[in-house]
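Trainee: Shown below is the structure under consideration.
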Amino acid sequence: MNKRGNANELGIDKIGKLLMQYSVPAIVATAAASLYNIIDRIFIGQGVGPLAISGLALTFPLMNILAAFGSMIGVGAGTMVSIRLGQHDRREATKILGNALMLNIILSLSVALIIFIFLDPILYSLGASPETLPYAKRFMQIILIGNIFPHVYLGLNNIIRASGYPGKAMATTLTTVAVNLILAPLFIFVFHWGIRGAAFATVCAQFTGAVISVLHFTKMESFVRFLPGYMKLKKKIIRDIISVGMSNFLMLMCASVVTSIINLVLKNHGGDYAIGAYGIINSVGSLVVMVVIGFTQGMQPITGYNFGAHQIPRVIRAYKLTVIAATIVTTSGFLIAEIFPKLISSAFTTNHEMIDLTTNGMRLNLIVFPVIGFQVVTSNFFQSIGKAKLSIFLSLTRQVLFLIPALLVFPHFWGLNGAWLSGPFADLTSSATTFIVLSWMIRRLRREYA
């Protein structure tokens with residue numbers, strides 16, 4: 001999209017061109033953000049120790065909870081802004097922007113305060129041991145203190161992209177990545193701040209992103225911007241934002257529960273190092289998934305705008321192209337993980353026990369990874385056209401109906417390998433369910449908007 005953010009191009013230009021135009025900046029941004037998380041873990045593993053990796057893995061459920069609230073507002077608001085711009089309702093889009101900022105501030109402070117007060121018992125309930133608790137606690141304390149910054153940054157960045165500035169959204173994320181990559185090794189290896197140094201570098205990077213995002217919406221040339229009188233919270237806008245963003249919220253909250261169960265199962269069947277191995281596997285898998293998320297972020301404003309404009313053939317075309325691209329990405333990730341698991345594991349730690357656990361776990365846990373692309377894109381597709389209930393259903397299907405039962409049953413038969421295989425089982429069964437729901441919805445859309 002051009003520098004002026006002419007959102008009307010979403011309903012005119014070729015879908016393939018638009019998808020690349022929007023997806024490439026989003027892919028660069030999401031992949032870079034995931035990559036600096038991986039590099040953070042490498043710094044922590046090499047500069048602090050293998051137990052620090054395990055301690056960091058214990059914080060994943062809490063990080064998912066924090067992300068759930070921010071994602072609910074950011075994705076919900078971004079989707080609603082796209083739809084309103086497709087309906088040529090710029091005034092309503094501006095109100096959504098103001099409400100999104102206020103909601104992010106309120107929720108980020110409230111959730112962080114509650115978790116901070118009960119941090120020790122929460123971490124113990126998530127599988128922390130006396131050896132790993134200090135690492136997890138030190139990391140989370142810093143993250144919680146600065147929790148307002150990622151909420152504001154990520155929430156507004158979604159709206160920057162949705163309102164016609166994908167390049168600006170990408171540049172903002174790349175700036176945060178650069179700040180983190182400069183500060184993390186400085187704080188860990190030079191200042192010797194340990195795992196707190198990694199957390200502090202992350203907070204500094206997110207603060208930078210928040211400042212840039214806020215400044216974008218204060219400029220006169222911004223397609224939507226902060227205006228006096230448009231910041232007051234409105235019940236209908238809040239309800240719409242939460243309704244559309246609820247899928248992401250539930251998905252991340254379920255991911256928090258699932259990760260907690262995984263950590264507890266791994267602790268029982270493999271000990272602290274198995275939890276660290278999962279942290280490495282999760283980091284690698286997340287990098288590939290974030291590339292797919294980049295494609296879905298590129299798809300979202302296209303499908304949202306054209307759905308609002310009742311151009312259903314363009315909506316379906318954007319979805320199909322995104323599924324093809326995402327499947328190519330996840331298949332490539334699968335091949336790399338299956339062929340080079342030991343080389344990947346060795347980058348994070350020199351501990352042979354953790355390397356062996358990670359190598360075996362990676363091969364088993366990512367064995368059906370190619371289907372993930374279809375699964376992620378389809379769930380986000382329903383969300384982008386305002387079909388929040390379907391998106392929520394598909395998100396819960398994998399996590400609640402298939403994955404949690406598998407985690408509770410499989411390890412009793414196959415031990416640690418059973419824990420690794422639970423994910424692939426859930427991916428296959430939920431993908432079949434997703435395909436059935438998708439077929440029904442496509443037929444319905446074609447009938448209603450023929």
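Lettering and numbering for the structure tokens are positional, with chains as A, B, ... in the shown order, residues counted from 1 in each chain, and ligands counted from 1 in the shown order.
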Can you tell me, as an MDAnalysis selection string, what residues are no more than 10 Å from range 96-113 of chain A when counting only C-alpha atoms, ignoring any on the same chain fewer than 6 positions away?

Mentor: chainID A and resid 62 65:67 69:78 80:81 84 90 119 140:141 143:156 159:160 214 217 224:235 237:238 240:241

Trainee: Please report the interatomic distance between CA of Ile324 in chain A and CA of Val371 in chain A in Å with one decimal.

Mentor: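 So the two atoms, CA of Ile324 in chain A and CA of Val371 in chain A, lie 11.0 Å apart.
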
Trainee: Kindly indicate which residue among A:Tyr273, A:Phe348, A:Tyr319, A:Phe200 lies nearest to Leu183 in chain A, using only C-alpha atoms for the distances.

Mentor: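 The closest residue to Leu183 in chain A is A:Phe200.
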
Trainee: Check the smallest atom-to-atom distance from each of A:Leu416, A:Arg446, A:Tyr135, A:Phe374 to Ala432 in chain A using only C-alpha atoms, then report the winner.

Mentor: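 Going through A:Leu416, A:Arg446, A:Tyr135, A:Phe374 one by one, the smallest distance to Ala432 in chain A is for A:Phe374.
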
Trainee: Of the candidates A:Cys204, A:Ala325, A:Ile142, A:Ile27, which one gets nearest to Leu181 in chain A if we count only C-alpha atoms?

Mentor: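 Nearest candidate to Leu181 in chain A out of A:Cys204, A:Ala325, A:Ile142, A:Ile27: A:Cys204.
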
Trainee: Rank nothing, just name the residue among A:Ile182, A:Leu126, A:Arg398, A:Thr172 nearest to Tyr36 in chain A, using only C-alpha atoms.

Mentor: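 Between A:Ile182, A:Leu126, A:Arg398, A:Thr172, the residue approaching Tyr36 in chain A most closely is A:Ile182.
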
Trainee: Using only C-alpha atoms, which of A:Gln21, A:Ser256, A:Asn263, A:Ser384 sits nearest Val400 in chain A?

Mentor: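 Using only C-alpha atoms, the shortest distance to Val400 in chain A belongs to A:Ser256.
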
Trainee: Using only C-alpha atoms, which protein or nucleic acid residues come within 9 Å of Ser23 in chain A? Drop anything in the same chain fewer than 3 positions from it, and give the result as a list of chain:residue names.

Mentor: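 What passes the distance filter is A:Leu18, A:Leu19, A:Met20, A:Ala26, A:Ile27, A:Val28, A:Pro166, A:Gly294, A:Phe295, A:Thr296, A:Gln297, A:Gly298, A:Met299.
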
Trainee: Emit the selected residues as a PDB file, in the first residue's frame, including N, CA and C atoms.

Mentor:
ATOM      1  N   LEU A  18      -1.624  -7.797  -3.570  1.00  0.00           N
ATOM      2  CA  LEU A  18      -1.931  -7.268  -2.239  1.00  0.00           C
ATOM      3  C   LEU A  18      -1.401  -8.182  -1.136  1.00  0.00           C
ATOM      4  N   LEU A  19      -1.560  -9.494  -1.339  1.00  0.00           N
ATOM      5  CA  LEU A  19      -1.111 -10.435  -0.316  1.00  0.00           C
ATOM      6  C   LEU A  19       0.393 -10.325  -0.106  1.00  0.00           C
ATOM      7  N   MET A  20       1.139 -10.219  -1.203  1.00  0.00           N
ATOM      8  CA  MET A  20       2.584 -10.059  -1.071  1.00  0.00           C
ATOM      9  C   MET A  20       2.914  -8.704  -0.454  1.00  0.00           C
ATOM     10  N   ALA A  26       4.749  -8.029   7.113  1.00  0.00           N
ATOM     11  CA  ALA A  26       4.299  -8.724   8.321  1.00  0.00           C
ATOM     12  C   ALA A  26       5.176  -9.933   8.610  1.00  0.00           C
ATOM     13  N   ILE A  27       5.573 -10.672   7.571  1.00  0.00           N
ATOM     14  CA  ILE A  27       6.443 -11.837   7.759  1.00  0.00           C
ATOM     15  C   ILE A  27       7.791 -11.419   8.310  1.00  0.00           C
ATOM     16  N   VAL A  28       8.358 -10.377   7.722  1.00  0.00           N
ATOM     17  CA  VAL A  28       9.645  -9.879   8.218  1.00  0.00           C
ATOM     18  C   VAL A  28       9.528  -9.493   9.689  1.00  0.00           C
ATOM     19  N   PRO A 166       1.423  -1.255   6.201  1.00  0.00           N
ATOM     20  CA  PRO A 166       2.157  -2.486   6.524  1.00  0.00           C
ATOM     21  C   PRO A 166       3.659  -2.265   6.643  1.00  0.00           C
ATOM     22  N   GLY A 294       2.515 -14.183   9.843  1.00  0.00           N
ATOM     23  CA  GLY A 294       2.782 -13.032   8.985  1.00  0.00           C
ATOM     24  C   GLY A 294       1.899 -13.051   7.749  1.00  0.00           C
ATOM     25  N   PHE A 295       1.739 -14.238   7.152  1.00  0.00           N
ATOM     26  CA  PHE A 295       0.837 -14.356   6.004  1.00  0.00           C
ATOM     27  C   PHE A 295      -0.601 -14.050   6.407  1.00  0.00           C
ATOM     28  N   THR A 296      -1.031 -14.547   7.568  1.00  0.00           N
ATOM     29  CA  THR A 296      -2.418 -14.292   7.994  1.00  0.00           C
ATOM     30  C   THR A 296      -2.635 -12.815   8.300  1.00  0.00           C
ATOM     31  N   GLN A 297      -1.596 -12.145   8.810  1.00  0.00           N
ATOM     32  CA  GLN A 297      -1.707 -10.709   9.054  1.00  0.00           C
ATOM     33  C   GLN A 297      -1.802  -9.942   7.742  1.00  0.00           C
ATOM     34  N   GLY A 298      -1.119 -10.438   6.713  1.00  0.00           N
ATOM     35  CA  GLY A 298      -1.251  -9.833   5.403  1.00  0.00           C
ATOM     36  C   GLY A 298      -2.621 -10.100   4.801  1.00  0.00           C
ATOM     37  N   MET A 299      -3.156 -11.294   5.063  1.00  0.00           N
ATOM     38  CA  MET A 299      -4.481 -11.655   4.562  1.00  0.00           C
ATOM     39  C   MET A 299      -5.589 -10.867   5.260  1.00  0.00           C
TER      40      MET A 299
END

Trainee: Between CA of Thr429 in chain A and CA of Ser395 in chain A, what distance in Å does the model show, to one decimal?

Mentor: 12.5 Å

Trainee: Show me, as a PDB file with N, CA and C atoms, in the first residue's frame, the residues that have an atom within 6 Å of Met170 in chain A when counting only C-alpha atoms, minus same-chain residues fewer than 3 positions from it.

Mentor:
ATOM      1  N   PRO A  25       5.962  -7.453   4.622  1.00  0.00           N
ATOM      2  CA  PRO A  25       6.323  -6.684   5.822  1.00  0.00           C
ATOM      3  C   PRO A  25       5.928  -7.400   7.117  1.00  0.00           C
ATOM      4  N   ALA A  26       4.749  -8.029   7.113  1.00  0.00           N
ATOM      5  CA  ALA A  26       4.299  -8.724   8.321  1.00  0.00           C
ATOM      6  C   ALA A  26       5.176  -9.933   8.610  1.00  0.00           C
ATOM      7  N   ALA A  29       8.434  -8.832  10.025  1.00  0.00           N
ATOM      8  CA  ALA A  29       8.244  -8.362  11.394  1.00  0.00           C
ATOM      9  C   ALA A  29       8.038  -9.519  12.361  1.00  0.00           C
ATOM     10  N   GLY A 167       4.199  -1.369   5.820  1.00  0.00           N
ATOM     11  CA  GLY A 167       5.637  -1.079   5.902  1.00  0.00           C
ATOM     12  C   GLY A 167       6.014  -0.431   7.227  1.00  0.00           C
ATOM     13  N   THR A 173       8.480  -3.071  14.194  1.00  0.00           N
ATOM     14  CA  THR A 173       8.895  -4.349  14.780  1.00  0.00           C
ATOM     15  C   THR A 173      10.385  -4.573  14.603  1.00  0.00           C
TER      16      THR A 173
END

Trainee: What does the distance from CA of His310 in chain A to CA of Tyr449 in chain A come to in Å, to one decimal?

Mentor: 6.8 Å

Trainee: Mind checking which residues fall within 9 Å of Ala184 in chain A, counting only C-alpha atoms, ignoring those fewer than 4 positions away in the same chain, and posting them as a list in words?

Mentor: Asp40, Phe43, Val179, Asn180, Ile188, Phe189, Gly197, Ala198, Ala199, Phe200, Ala201 and Thr202 of chain A

Trainee: Neighbours of Ala128 in chain A within 10 Å (only C-alpha atoms; same-chain residues fewer than 5 positions away dropped), as a PDB file with C-alpha atoms, in the first residue's frame?

Mentor:
ATOM      1  CA  SER A  54      14.237 -24.592  31.761  1.00  0.00           C
ATOM      2  CA  GLY A  55      13.326 -21.650  33.999  1.00  0.00           C
ATOM      3  CA  ALA A  57      10.295 -22.395  29.581  1.00  0.00           C
ATOM      4  CA  LEU A  58       8.328 -22.335  32.835  1.00  0.00           C
ATOM      5  CA  THR A  59       7.335 -18.722  32.105  1.00  0.00           C
ATOM      6  CA  ASP A 120       5.859 -17.671  43.509  1.00  0.00           C
ATOM      7  CA  PRO A 121       2.878 -20.008  44.022  1.00  0.00           C
ATOM      8  CA  ILE A 122       1.936 -19.672  40.349  1.00  0.00           C
ATOM      9  CA  LEU A 123       5.406 -20.737  39.198  1.00  0.00           C
ATOM     10  CA  LEU A 133      12.305 -21.136  40.313  1.00  0.00           C
ATOM     11  CA  PRO A 134      14.930 -18.380  40.772  1.00  0.00           C
ATOM     12  CA  TYR A 135      15.469 -18.102  36.998  1.00  0.00           C
ATOM     13  CA  ALA A 136      11.742 -18.020  36.184  1.00  0.00           C
ATOM     14  CA  LYS A 137      11.007 -15.519  38.966  1.00  0.00           C
ATOM     15  CA  ASN A 263       5.620 -28.810  31.680  1.00  0.00           C
ATOM     16  CA  LEU A 264       4.148 -30.905  34.482  1.00  0.00           C
ATOM     17  CA  LYS A 267       8.828 -32.833  34.753  1.00  0.00           C
ATOM     18  CA  ASP A 272      13.962 -30.139  34.523  1.00  0.00           C
ATOM     19  CA  ILE A 275      11.199 -28.841  30.242  1.00  0.00           C
TER      20      ILE A 275
END
